[in-house]
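Student: Next up, query-v1.cif (mmCIF, C-alpha atoms (C1' of nucleotides)).
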data_work
loop_
_atom_site.label_atom_id
_atom_site.label_comp_id
_atom_site.auth_asym_id
_atom_site.auth_seq_id
_atom_site.Cartn_x
_atom_site.Cartn_y
_atom_site.Cartn_z
CA MET A 1 7.54 -39.29 34.90
CA ASN A 2 8.81 -38.05 31.61
CA TYR A 3 7.90 -34.51 30.60
CA ARG A 4 10.50 -34.25 27.85
CA PHE A 5 9.63 -33.91 24.19
CA PRO A 6 12.79 -34.85 22.30
CA LYS A 7 13.46 -35.11 18.59
CA GLU A 8 12.63 -38.80 18.42
CA GLU A 9 9.04 -38.18 19.46
CA LYS A 10 8.40 -35.65 16.69
CA LEU A 11 6.64 -36.79 13.58
CA LYS A 12 9.02 -36.12 10.71
CA SER A 13 8.69 -38.71 7.98
CA LYS A 14 6.79 -37.44 4.99
CA LYS A 15 5.54 -40.97 4.35
CA CYS A 16 3.97 -41.24 7.80
CA ILE A 17 2.24 -37.91 7.43
CA GLU A 18 0.74 -38.84 4.08
CA LEU A 19 -0.43 -42.14 5.55
CA LEU A 20 -1.94 -40.27 8.48
CA PHE A 21 -3.98 -37.90 6.33
CA SER A 22 -5.16 -40.60 3.94
CA GLU A 23 -5.99 -43.40 6.40
CA GLY A 24 -6.02 -41.89 9.87
CA SER A 25 -9.00 -41.62 12.20
CA SER A 26 -9.79 -38.47 14.10
CA VAL A 27 -11.26 -37.23 17.34
CA SER A 28 -11.89 -33.60 18.10
CA LYS A 29 -12.55 -31.36 21.07
CA PHE A 30 -12.97 -27.77 19.94
CA PRO A 31 -10.70 -26.01 19.15
CA LEU A 32 -8.38 -29.01 18.72
CA LYS A 33 -8.53 -31.98 16.39
CA LEU A 34 -6.37 -35.11 16.60
CA ILE A 35 -5.68 -37.31 13.63
CA TYR A 36 -4.15 -40.65 14.61
CA THR A 37 -3.30 -44.03 13.21
CA ALA A 38 -1.65 -47.15 14.55
CA THR A 39 1.57 -47.74 12.66
CA SER A 40 5.15 -48.86 13.06
CA LEU A 41 7.56 -46.02 13.67
CA PRO A 42 11.18 -45.68 12.61
CA LYS A 43 12.26 -44.91 16.19
CA ASP A 44 11.55 -46.93 19.31
CA VAL A 45 9.00 -44.61 20.93
CA PRO A 46 5.30 -45.07 21.77
CA VAL A 47 4.08 -42.05 19.82
CA GLN A 48 5.37 -39.61 17.26
CA ALA A 49 3.43 -36.38 17.22
CA GLY A 50 3.29 -33.27 15.05
CA VAL A 51 1.30 -30.06 15.23
CA SER A 52 -0.19 -27.99 12.45
CA VAL A 53 -2.03 -24.71 12.02
CA THR A 54 -3.55 -23.85 8.68
CA LYS A 55 -2.23 -20.85 6.86
CA ARG A 56 -5.75 -20.09 5.66
CA ARG A 57 -7.03 -19.18 9.12
CA PHE A 58 -3.90 -17.50 10.47
CA LYS A 59 -2.02 -15.43 7.95
CA LYS A 60 0.80 -14.28 10.17
CA ALA A 61 3.69 -16.59 10.93
CA VAL A 62 3.98 -15.20 14.43
CA THR A 63 0.45 -16.30 15.31
CA ARG A 64 0.93 -19.74 13.78
CA ASN A 65 4.17 -20.23 15.68
CA ARG A 66 2.54 -19.23 18.94
CA ILE A 67 -0.38 -21.65 18.57
CA LYS A 68 1.97 -24.49 17.61
CA ARG A 69 4.10 -23.77 20.66
CA LEU A 70 1.08 -23.80 22.94
CA MET A 71 -0.10 -27.10 21.48
CA ARG A 72 3.32 -28.68 21.85
CA GLU A 73 3.52 -27.47 25.44
CA ALA A 74 0.10 -28.87 26.34
CA TYR A 75 0.93 -32.20 24.70
CA ARG A 76 4.27 -32.37 26.51
CA LEU A 77 2.61 -31.91 29.91
CA HIS A 78 -0.17 -34.41 29.41
CA LYS A 79 1.16 -37.11 27.09
CA ASN A 80 2.02 -39.48 29.96
CA ASP A 81 -1.62 -40.60 30.31
CA VAL A 82 -1.46 -41.88 26.76
CA PHE A 83 2.01 -43.39 27.06
CA ASN A 84 1.01 -45.42 30.10
CA THR A 85 -2.16 -46.81 28.54
CA ILE A 86 -1.54 -47.70 24.89
CA SER A 87 0.24 -50.89 23.83
CA THR A 88 0.90 -50.27 20.11
CA SER A 89 2.70 -47.34 18.57
CA TYR A 90 0.78 -44.43 17.08
CA ALA A 91 1.37 -41.43 14.86
CA PHE A 92 -0.37 -38.23 15.94
CA MET A 93 -1.13 -34.98 14.20
CA PHE A 94 -2.75 -32.18 16.16
CA LEU A 95 -4.67 -29.57 14.19
CA TYR A 96 -5.97 -26.27 15.45
CA ILE A 97 -9.44 -25.69 14.03
CA GLY A 98 -10.43 -22.57 15.97
CA LYS A 99 -10.53 -19.13 14.45
CA GLN A 100 -9.28 -17.01 17.36
CA GLU A 101 -5.85 -16.98 18.91
CA PRO A 102 -6.26 -19.03 22.12
CA THR A 103 -4.76 -18.76 25.61
CA PHE A 104 -2.71 -21.56 27.10
CA GLU A 105 -5.48 -22.32 29.57
CA GLU A 106 -7.98 -23.08 26.79
CA ILE A 107 -5.50 -25.23 24.91
CA GLU A 108 -4.53 -27.18 28.03
CA LYS A 109 -8.15 -27.96 28.98
CA SER A 110 -8.97 -29.06 25.44
CA MET A 111 -5.83 -31.17 25.24
CA ILE A 112 -6.71 -33.09 28.42
CA ARG A 113 -10.23 -33.83 27.19
CA LEU A 114 -8.97 -34.69 23.70
CA LEU A 115 -6.48 -37.27 24.97
CA GLN A 116 -9.16 -38.80 27.20
CA LYS A 117 -11.51 -39.11 24.24
CA PHE A 118 -8.73 -40.71 22.23
CA LEU A 119 -8.14 -43.32 24.92
CA GLU A 120 -11.86 -44.11 25.19
CA ARG A 121 -12.12 -44.47 21.43
CA THR A 122 -9.13 -46.80 21.07
CA ALA A 123 -10.31 -48.88 24.02
CA THR A 124 -13.68 -49.56 22.36
CA GLU A 125 -12.02 -50.28 19.03
CA ASN A 126 -9.64 -52.81 20.51
CA THR A 127 -12.14 -54.68 22.70
CA PRO A 128 -13.96 -56.62 19.94
CA LEU A 129 -10.65 -57.85 18.56
CA LYS A 130 -9.70 -59.55 21.81
"C1'" C B 1 3.95 26.35 25.07
"C1'" A B 2 1.68 24.86 20.28
"C1'" A B 3 2.20 23.30 15.28
"C1'" G B 4 5.81 21.46 12.08
"C1'" C B 5 10.72 19.80 9.57
"C1'" A B 6 15.13 16.69 9.72
"C1'" G B 7 18.05 12.95 12.06
"C1'" G B 8 19.53 9.25 15.67
"C1'" C B 9 18.82 5.37 19.49
"C1'" U B 10 15.92 1.38 21.36
"C1'" A B 11 12.56 -2.86 20.90
"C1'" C B 12 9.92 -4.86 28.64
"C1'" C B 13 13.15 -6.40 32.90
"C1'" U B 14 14.27 -9.83 37.26
"C1'" U B 15 13.81 -14.64 39.91
"C1'" A B 16 12.14 -19.87 40.26
"C1'" U B 17 10.30 -24.64 38.03
"C1'" C B 18 9.45 -27.62 33.52
"C1'" G B 19 10.85 -27.82 28.30
"C1'" C B 20 13.10 -26.98 22.82
"C1'" U B 21 17.78 -26.53 18.77
"C1'" G B 22 23.07 -26.55 17.83
"C1'" C B 23 28.19 -26.32 20.08
"C1'" U B 24 32.29 -27.68 23.70
"C1'" U B 25 34.03 -30.89 27.65
"C1'" C B 26 33.34 -35.20 30.65
"C1'" U B 27 30.96 -39.97 31.72
"C1'" U B 28 28.91 -44.26 29.24
"C1'" U B 29 25.67 -50.24 30.35
"C1'" C B 30 26.62 -47.18 23.27
"C1'" G B 31 20.29 -46.44 24.42
"C1'" A B 32 22.07 -42.12 26.44
"C1'" G B 33 23.33 -38.93 30.63
"C1'" A B 34 25.78 -34.62 33.21
"C1'" A B 35 28.05 -29.76 33.20
"C1'" G B 36 29.15 -25.19 30.71
"C1'" G B 37 28.04 -21.69 27.16
"C1'" A B 38 25.10 -19.90 22.69
"C1'" G B 39 20.24 -19.39 20.33
"C1'" A B 40 15.37 -14.48 15.35
"C1'" G B 41 14.43 -8.69 13.29
"C1'" G B 42 14.72 -3.47 12.52
"C1'" A B 43 11.96 -4.42 9.54
"C1'" A B 44 13.46 -11.44 9.69
"C1'" A B 45 7.92 -8.93 5.79
"C1'" G B 46 6.77 -7.26 0.46
"C1'" U B 47 9.98 -10.03 -3.28
"C1'" C B 48 10.69 -4.26 -5.96
"C1'" C B 49 16.11 -3.45 -7.68
"C1'" G B 50 21.52 -4.74 -7.52
"C1'" G B 51 25.53 -8.38 -6.45
"C1'" A B 52 28.04 -13.10 -4.61
"C1'" C B 53 27.48 -18.40 -5.53
"C1'" A B 54 25.77 -22.86 -8.70
"C1'" C B 55 24.42 -25.14 -13.41
"C1'" C B 56 23.42 -24.45 -18.58
"C1'" A B 57 29.29 -22.93 -23.52
"C1'" U B 58 34.46 -19.31 -18.37
"C1'" A B 59 27.34 -17.04 -22.14
"C1'" G B 60 29.83 -15.45 -27.74
"C1'" U B 61 28.02 -12.05 -32.48
"C1'" G B 62 23.96 -9.21 -34.85
"C1'" C B 63 18.88 -7.77 -34.70
"C1'" A B 64 14.62 -7.47 -31.64
"C1'" U B 65 13.07 -6.46 -26.64
"C1'" U B 66 14.03 -3.95 -22.20
"C1'" G B 67 16.33 -0.77 -18.09
"C1'" U B 68 18.73 3.83 -16.65
"C1'" A B 69 19.14 9.33 -17.96
"C1'" G B 70 21.44 17.33 -15.41
"C1'" C B 71 26.76 17.31 -13.79
"C1'" G B 72 30.57 15.14 -10.54
"C1'" G B 73 31.72 11.30 -7.09
"C1'" A B 74 31.11 6.54 -3.77
"C1'" U B 75 30.62 1.20 -4.43
"C1'" A B 76 31.39 -5.66 -5.75
"C1'" A B 77 27.02 -3.59 -8.07
"C1'" C B 78 22.52 -0.77 -8.40
"C1'" A B 79 17.00 2.17 -10.10
"C1'" U B 80 20.94 2.90 -3.86
"C1'" C B 81 24.00 6.63 -1.37
"C1'" C B 82 26.85 11.54 -1.20
"C1'" G B 83 27.90 16.49 -3.19
"C1'" U B 84 26.17 20.17 -6.45
"C1'" C B 85 23.32 23.04 -10.36
"C1'" C B 86 18.38 23.94 -12.28
"C1'" G B 87 12.98 23.71 -11.82
"C1'" U B 88 8.39 23.26 -8.76
"C1'" C B 89 5.99 23.62 -3.85
"C1'" G B 90 6.22 25.75 1.23
"C1'" U B 91 6.18 32.08 5.47
"C1'" G B 92 10.17 28.73 6.99
"C1'" A B 93 13.13 24.41 8.74
"C1'" G B 94 12.89 21.71 4.20
"C1'" A B 95 10.44 18.47 0.49
"C1'" C B 96 9.79 16.70 -4.44
"C1'" G B 97 11.50 16.07 -9.75
"C1'" A B 98 11.33 9.64 -15.95
"C1'" G B 99 15.59 17.15 -15.11
"C1'" G B 100 19.76 13.81 -22.40
"C1'" A B 101 17.97 15.22 -27.56
"C1'" C B 102 12.16 18.02 -31.24
"C1'" A B 103 19.84 20.54 -34.61
"C1'" A B 104 17.40 13.22 -38.74
"C1'" G B 105 12.46 11.26 -39.69
"C1'" U B 106 7.17 10.11 -38.26
"C1'" G B 107 3.05 11.50 -35.20
"C1'" C B 108 -0.10 14.64 -31.86
"C1'" A B 109 -2.33 19.44 -30.29
"C1'" G B 110 -8.17 22.64 -26.49
"C1'" C B 111 -10.06 27.81 -27.51
"C1'" A B 112 -9.60 31.62 -31.13
"C1'" G B 113 -8.75 31.80 -36.37
"C1'" A B 114 -10.06 31.20 -43.48
"C1'" A B 115 -5.94 28.21 -42.42
"C1'" A B 116 -1.69 24.95 -37.13
"C1'" G B 117 0.58 21.56 -43.48
"C1'" A B 118 -0.97 19.05 -48.09
"C1'" A B 119 -6.10 22.44 -47.43
"C1'" U B 120 -8.28 27.21 -47.86
"C1'" G B 121 -9.21 32.43 -47.77
"C1'" U B 122 -11.85 38.04 -45.23
"C1'" A B 123 -10.79 43.55 -45.77
"C1'" C B 124 -7.47 47.22 -47.91
"C1'" A B 125 -3.27 48.15 -51.07
"C1'" G B 126 0.28 46.53 -54.83
"C1'" G B 127 1.15 43.27 -58.99
"C1'" U B 128 -0.16 39.73 -63.19
"C1'" A B 129 -2.34 37.19 -69.31
"C1'" A B 130 -4.46 34.65 -64.92
"C1'" U B 131 -4.03 32.77 -59.76
"C1'" G B 132 -3.20 34.23 -52.04
"C1'" C B 133 1.29 36.01 -56.41
"C1'" U B 134 3.07 39.91 -52.52
"C1'" G B 135 2.45 43.32 -48.22
"C1'" U B 136 -0.51 45.14 -44.12
"C1'" A B 137 -4.65 44.37 -40.87
"C1'" G B 138 -7.21 40.50 -38.07
"C1'" U B 139 -6.73 35.21 -34.49
"C1'" G B 140 -3.13 33.06 -31.49
"C1'" A B 141 2.21 31.25 -27.45
"C1'" A B 142 3.36 30.23 -32.61
"C1'" A B 143 1.17 31.72 -39.59
"C1'" U B 144 4.84 27.81 -45.88
"C1'" C B 145 8.85 31.45 -41.14
"C1'" A B 146 8.76 28.35 -37.72
"C1'" G B 147 7.50 26.93 -32.57
"C1'" G B 148 5.49 23.21 -28.57
"C1'" U B 149 5.28 17.98 -27.22
"C1'" A B 150 9.99 12.44 -26.40
"C1'" A B 151 5.78 9.06 -18.48
"C1'" A B 152 4.47 9.96 -28.39
"C1'" C B 153 7.14 6.66 -31.73
"C1'" U B 154 12.12 7.75 -32.29
"C1'" C B 155 17.44 9.21 -31.79
"C1'" U B 156 21.91 9.39 -28.46
"C1'" A B 157 24.98 7.40 -24.34
"C1'" C B 158 25.71 3.45 -20.92
"C1'" G B 159 23.87 -1.36 -19.37
"C1'" A B 160 20.95 -6.21 -19.38
"C1'" G B 161 21.97 -14.28 -21.61
"C1'" G B 162 18.65 -17.87 -18.78
"C1'" U B 163 17.29 -20.57 -14.40
"C1'" G B 164 17.38 -20.18 -8.89
"C1'" C B 165 20.06 -23.53 -2.93
"C1'" A B 166 13.53 -27.59 -4.14
"C1'" A B 167 20.58 -24.63 -7.76
"C1'" U B 168 24.46 -28.12 -7.56
"C1'" G B 169 27.95 -32.25 -5.82
"C1'" C B 170 28.48 -36.94 -3.09
"C1'" C B 171 26.90 -41.49 -0.27
"C1'" A B 172 23.88 -45.77 0.96
"C1'" U B 173 19.34 -48.53 -0.51
"C1'" G B 174 17.78 -50.90 -4.89
"C1'" U B 175 14.82 -52.56 -9.53
"C1'" A B 176 14.97 -52.78 -14.61
"C1'" U B 177 15.89 -49.35 -18.56
"C1'" A B 178 14.13 -43.35 -19.79
"C1'" U B 179 21.83 -43.18 -18.17
"C1'" G B 180 27.18 -42.68 -19.62
"C1'" A B 181 31.57 -44.01 -22.78
"C1'" A B 182 33.60 -46.07 -27.41
"C1'" C B 183 32.66 -47.65 -32.49
"C1'" G B 184 29.47 -47.08 -36.56
"C1'" C B 185 25.37 -44.38 -39.36
"C1'" U B 186 23.46 -39.57 -40.87
"C1'" U B 187 24.80 -34.08 -42.15
"C1'" A B 188 18.05 -33.86 -43.02
"C1'" A B 189 14.91 -33.03 -39.03
"C1'" G B 190 15.66 -32.32 -33.75
"C1'" A B 191 17.58 -31.12 -28.58
"C1'" G B 192 20.53 -27.84 -25.18
"C1'" C B 193 17.85 -22.66 -26.53
"C1'" G B 194 14.81 -18.99 -23.59
"C1'" G B 195 11.99 -13.70 -29.37
"C1'" C B 196 14.76 -14.50 -34.17
"C1'" A B 197 19.26 -15.38 -37.09
"C1'" C B 198 24.42 -16.82 -36.80
"C1'" G B 199 27.63 -19.70 -33.98
"C1'" C B 200 28.84 -23.70 -30.36
"C1'" U B 201 27.81 -28.59 -28.17
"C1'" C B 202 25.06 -33.09 -28.51
"C1'" A B 203 22.76 -36.45 -31.65
"C1'" A B 204 17.97 -41.60 -34.19
"C1'" U B 205 18.37 -47.00 -34.88
"C1'" G B 206 22.57 -50.73 -34.11
"C1'" U B 207 27.05 -53.22 -31.54
"C1'" U B 208 30.38 -53.49 -27.23
"C1'" C B 209 31.59 -52.01 -22.31
"C1'" A B 210 30.29 -49.59 -17.80
"C1'" A B 211 27.09 -48.19 -14.29
"C1'" G B 212 22.80 -45.43 -13.38
"C1'" G B 213 17.17 -43.02 -13.05
"C1'" G B 214 12.30 -42.53 -10.15
"C1'" U B 215 10.94 -42.67 -4.92
"C1'" A B 216 12.05 -41.99 0.22
"C1'" G B 217 16.75 -41.01 3.47
"C1'" G B 218 21.67 -38.97 4.90
"C1'" C B 219 26.05 -35.68 4.13
"C1'" A B 220 28.06 -31.40 1.70
"C1'" G B 221 26.32 -26.55 -0.26
"C1'" A B 222 25.45 -24.01 5.06
"C1'" U B 223 27.06 -20.14 7.90
"C1'" A B 224 33.96 -16.22 9.19
"C1'" A B 225 31.51 -12.40 6.13
"C1'" A B 226 32.24 -6.73 0.32
"C1'" A B 227 31.36 -8.92 9.04
"C1'" G B 228 31.16 -6.08 13.83
"C1'" U B 229 33.72 -2.86 17.59
"C1'" U B 230 37.65 0.64 18.98
"C1'" A B 231 41.73 3.99 17.75
"C1'" C B 232 44.40 6.81 14.15
"C1'" U B 233 44.01 8.75 9.34
"C1'" G B 234 42.44 10.69 3.79
"C1'" G B 235 37.88 13.01 1.99
"C1'" U B 236 32.82 18.77 2.40
"C1'" A B 237 30.30 13.94 2.30
"C1'" A B 238 28.86 8.98 0.68
"C1'" C B 239 33.02 6.12 1.55
"C1'" G B 240 38.21 4.50 1.74
"C1'" G B 241 43.12 3.11 4.26
"C1'" U B 242 46.13 1.20 8.55
"C1'" A B 243 46.39 -1.23 13.34
"C1'" A B 244 44.26 -3.87 17.38
"C1'" U B 245 40.35 -6.87 18.87
"C1'" U B 246 35.65 -10.06 18.79
"C1'" U B 247 33.21 -14.77 16.89
"C1'" U B 248 27.89 -13.35 16.64
"C1'" A B 249 21.33 -18.65 14.98
"C1'" G B 250 22.05 -22.57 11.53
"C1'" A B 251 16.82 -25.38 11.76
"C1'" U B 252 14.85 -28.88 7.72
"C1'" A B 253 6.78 -31.04 9.46
"C1'" A B 254 11.35 -26.52 10.87
"C1'" A B 255 14.29 -24.70 17.74
"C1'" U B 256 13.14 -18.87 22.00
"C1'" G B 257 7.78 -21.45 24.97
"C1'" A B 258 4.61 -22.42 29.46
"C1'" U B 259 3.46 -21.53 34.63
"C1'" A B 260 4.08 -18.50 39.22
"C1'" A B 261 5.67 -13.89 41.69
"C1'" G B 262 7.40 -8.83 41.50
"C1'" G B 263 8.69 -4.10 39.07
"C1'" C B 264 8.14 -0.27 35.15
"C1'" U B 265 5.70 5.04 31.29
"C1'" U B 266 -0.05 -0.20 33.39
"C1'" A B 267 -0.85 -5.21 29.76
"C1'" G B 268 5.04 -4.01 25.81
"C1'" A B 269 3.35 -2.01 19.11
"C1'" C B 270 4.66 -4.09 14.18
"C1'" A B 271 6.02 -8.73 13.76
"C1'" G B 272 9.47 -15.11 13.24
"C1'" G B 273 15.36 -16.54 9.99
"C1'" A B 274 15.49 -20.75 5.73
"C1'" U B 275 21.81 -19.94 0.43
"C1'" U B 276 23.79 -15.19 1.51
"C1'" C B 277 25.01 -9.76 1.32
"C1'" G B 278 23.92 -4.07 -0.24
"C1'" G B 279 19.57 -1.11 -0.89
"C1'" C B 280 14.34 0.35 -1.62
"C1'" U B 281 9.22 0.04 -0.03
"C1'" U B 282 5.53 -1.00 3.52
"C1'" A B 283 3.88 -1.98 9.10
"C1'" U B 284 4.95 -0.06 14.03
"C1'" G B 285 5.52 1.27 20.46
"C1'" G B 286 8.82 4.45 23.15
"C1'" C B 287 12.90 7.94 23.95
"C1'" C B 288 16.43 11.71 22.53
"C1'" U B 289 18.84 15.69 19.62
"C1'" G B 290 18.97 19.82 16.24
"C1'" C B 291 16.14 23.33 13.57
"C1'" U B 292 11.64 26.43 11.68
"C1'" U B 293 7.12 29.41 12.38
"C1'" U B 294 3.44 31.94 15.45
"C1'" U B 295 2.12 33.81 20.22
"C1'" U B 296 3.38 35.01 25.27
"C1'" U B 297 7.07 36.29 28.98
"C1'" A B 298 11.91 38.34 30.06
#
Can you present the structure in this file as structure tokens?
Tutor:
Amino acid sequence: MNYRFPKEEKLKSKKCIELLFSEGSSVSKFPLKLIYTATSLPKDVPVQAGVSVTKRRFKKAVTRNRIKRLMREAYRLHKNDVFNTISTSYAFMFLYIGKQEPTFEEIEKSMIRLLQKFLERTATENTPLK
RNA sequence: CAAGCAGGCUACCUUAUCGCUGCUUCUUUCGAGAAGGAGAGGAAAGUCCGGACACCAUAGUGCAUUGUAGCGGAUAACAUCCGUCCGUCGUGAGACGAGGACAAGUGCAGCAGAAAGAAUGUACAGGUAAUGCUGUAGUGAAAUCAGGUAAACUCUACGAGGUGCAAUGCCAUGUAUAUGAACGCUUAAGAGCGGCACGCUCAAUGUUCAAGGGUAGGCAGAUAAAAGUUACUGGUAACGGUAAUUUUAGAUAAAUGAUAAGGCUUAGACAGGAUUCGGCUUAUGGCCUGCUUUUUUA
């Protein structure tokens, strides 16, 4: 089991992020939203993921940092389900769409459900192709 | 004890598990792994001043524009800081102050008053060819004698070029001209150049030679500095000098978190570096010191 979240698994390329926002699909489980797309990645990893919190909802940098940390932590603990299931590589972007500062418990529950929904969605998308 | 004034310090801690970003050493199947050690603030914030640094001319001259303004000092520099005088406020500890000049010119001015400067006149007296021509009274802080006002123009002294690390330099990739050099043409218009003028540099098209630009990526800039601590020393102080000693974030879609348990003033406020320093301003939990006033007690 791999609970690490090293540099290689972070979404960094500006090109990938633009592609993600223009062509990506999304699933959401309040207060989280996941934008994803199947793409080739510069590094040899299953998924590259990034997190984002809009400045509009949270003015203070401290709050934004905290939410991003919580999201990264929840992803780190539960990403293995995804890694073990998917066959192609994906780019992820997690957005926080709530308006209140959450607790880790809320984020963790939402993250588990969100990743499950993502797996269900990709499974149905891939079935007709086969 | 209460109310208040001034200043300083600090910014939850401990353990376990998982995890993040650099650094050093070792191992390596060159993918990486292991160990050690380091890892946000007093305001990192607002971006309000002043520097360093980079490029544009080693940023020059005049005007315009604009900043500062008792006096003396500190400093790389400042609108900051220190000392001091004066003024205002406060019982006081203290706080605050755009505190140079109305000795050149222009402007502005409530009430009262005929009239506050280009306009006119009341009463009494004097005087004249005639006239507010002269004096006194009257209004007012101030009456053809001037005064007040410069967070009014202005004057004086000193200062200010512009753009900001997404600056700037280099590397690889790579396609076709928006690049560079030389020659030649022109001396008009234009660009750098930003309010204007001067001045400086470049310079259409063409020929030859050389290699670039956009876009995405990497490296440098980029963390050792007007640095901290201690001792001695000069100075009322800000601050300076000498010696010893320490190394203290360096990311780039952006690192400090999560979970569990325990403790404490019982959920610990305000709040997250982004080229970097000195200030100012604003937000804010706790603790300590000195002082003032009133009352009580001795």
Student: What are the closest atom pairs, with distances in Å to one decimal, for each residue of chain B lying within 7 Å of chain A, using all atoms listed in the file, rows by chain and rising residue number, as JSON lines?
Tutor:
{"residue": "B:G19", "atom": "C1'", "partner": "A:Arg4", "partner_atom": "CA", "distance": 6.5}
{"residue": "B:A253", "atom": "C1'", "partner": "A:Lys12", "partner_atom": "CA", "distance": 5.7}
{"residue": "B:G257", "atom": "C1'", "partner": "A:Arg69", "partner_atom": "CA", "distance": 6.1}
{"residue": "B:A258", "atom": "C1'", "partner": "A:Glu73", "partner_atom": "CA", "distance": 6.5}
{"residue": "B:A271", "atom": "C1'", "partner": "A:Val62", "partner_atom": "CA", "distance": 6.8}
{"residue": "B:G272", "atom": "C1'", "partner": "A:Val62", "partner_atom": "CA", "distance": 5.6}
Student: If I take atom C1' of C78 of chain B and atom C1' of U242 of chain B, how far is one from the other in Å, to one decimal?
Tutor: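 Taking atom C1' of C78 of chain B as the start and atom C1' of U242 of chain B as the end point, the length is 29.1 Å.
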Student: Excluding same-chain residues fewer than 4 positions from segment 116-119 of chain A, what lies within 12 Å of it counting all atoms listed in the file, as a ChimeraX atom specification?
Tutor: /A:25-29,32-37,78-87,90,92,109-112,123-126
Student: Which distance in Å separates atom C1' of G164 of chain B and atom C1' of A43 of chain B, to one decimal?
Tutor: 24.8 Å
Student: Suppose a student applies the PyMOL selection byres ((chain B and resi 57) around 12) to this structure; what residues should they get, written as a PDB file with C-alpha atoms (C1' of nucleotides), in the coordinates of the input?
Tutor:
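That gives us result_16.pdb:
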ATOM      1  C1'   C B  55      24.420 -25.140 -13.410  1.00  0.00           C
ATOM      2  C1'   C B  56      23.420 -24.450 -18.580  1.00  0.00           C
ATOM      3  C1'   U B  58      34.460 -19.310 -18.370  1.00  0.00           C
ATOM      4  C1'   A B  59      27.340 -17.040 -22.140  1.00  0.00           C
ATOM      5  C1'   G B  60      29.830 -15.450 -27.740  1.00  0.00           C
ATOM      6  C1'   G B 161      21.970 -14.280 -21.610  1.00  0.00           C
ATOM      7  C1'   G B 192      20.530 -27.840 -25.180  1.00  0.00           C
ATOM      8  C1'   C B 193      17.850 -22.660 -26.530  1.00  0.00           C
ATOM      9  C1'   G B 199      27.630 -19.700 -33.980  1.00  0.00           C
ATOM     10  C1'   C B 200      28.840 -23.700 -30.360  1.00  0.00           C
ATOM     11  C1'   U B 201      27.810 -28.590 -28.170  1.00  0.00           C
TER      12        U B 201
END
Student: Residues around (13.8, -6.9, 16.3), cut-off 10 Å, counting all atoms listed in the file - what are they as a list in words?
Tutor: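 Looking at atoms near the point gives U10, A11, A40, G41, G42, A43, A44, C270, A271 and G272 of chain B.
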Student: Using the chain letters and numbers from the file, which residues does the PyMOL selection byres ((chain B and resi 288-295) around 9) grab, as a JSON list (two decimals) with C-alpha atoms (C1' of nucleotides), keeping the file's coordinate frame?
Tutor:
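What follows is the written file part23.json:
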[["chain", "number", "residue", "atom", "x", "y", "z"],
["B", 2, "A", "C1'", 1.68, 24.86, 20.28],
["B", 3, "A", "C1'", 2.20, 23.30, 15.28],
["B", 4, "G", "C1'", 5.81, 21.46, 12.08],
["B", 5, "C", "C1'", 10.72, 19.80, 9.57],
["B", 6, "A", "C1'", 15.13, 16.69, 9.72],
["B", 7, "G", "C1'", 18.05, 12.95, 12.06],
["B", 8, "G", "C1'", 19.53, 9.25, 15.67],
["B", 9, "C", "C1'", 18.82, 5.37, 19.49],
["B", 91, "U", "C1'", 6.18, 32.08, 5.47],
["B", 92, "G", "C1'", 10.17, 28.73, 6.99],
["B", 93, "A", "C1'", 13.13, 24.41, 8.74],
["B", 94, "G", "C1'", 12.89, 21.71, 4.20],
["B", 287, "C", "C1'", 12.90, 7.94, 23.95],
["B", 296, "U", "C1'", 3.38, 35.01, 25.27]]
Student: Can you work out which one of A:Phe30, A:Arg121, A:Phe58, A:Tyr75 has the shortest atom-to-atom distance to Ile97 of chain A, counting only C-alpha atoms?
Tutor: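 Closest to Ile97 of chain A, using only C-alpha atoms: A:Phe30.
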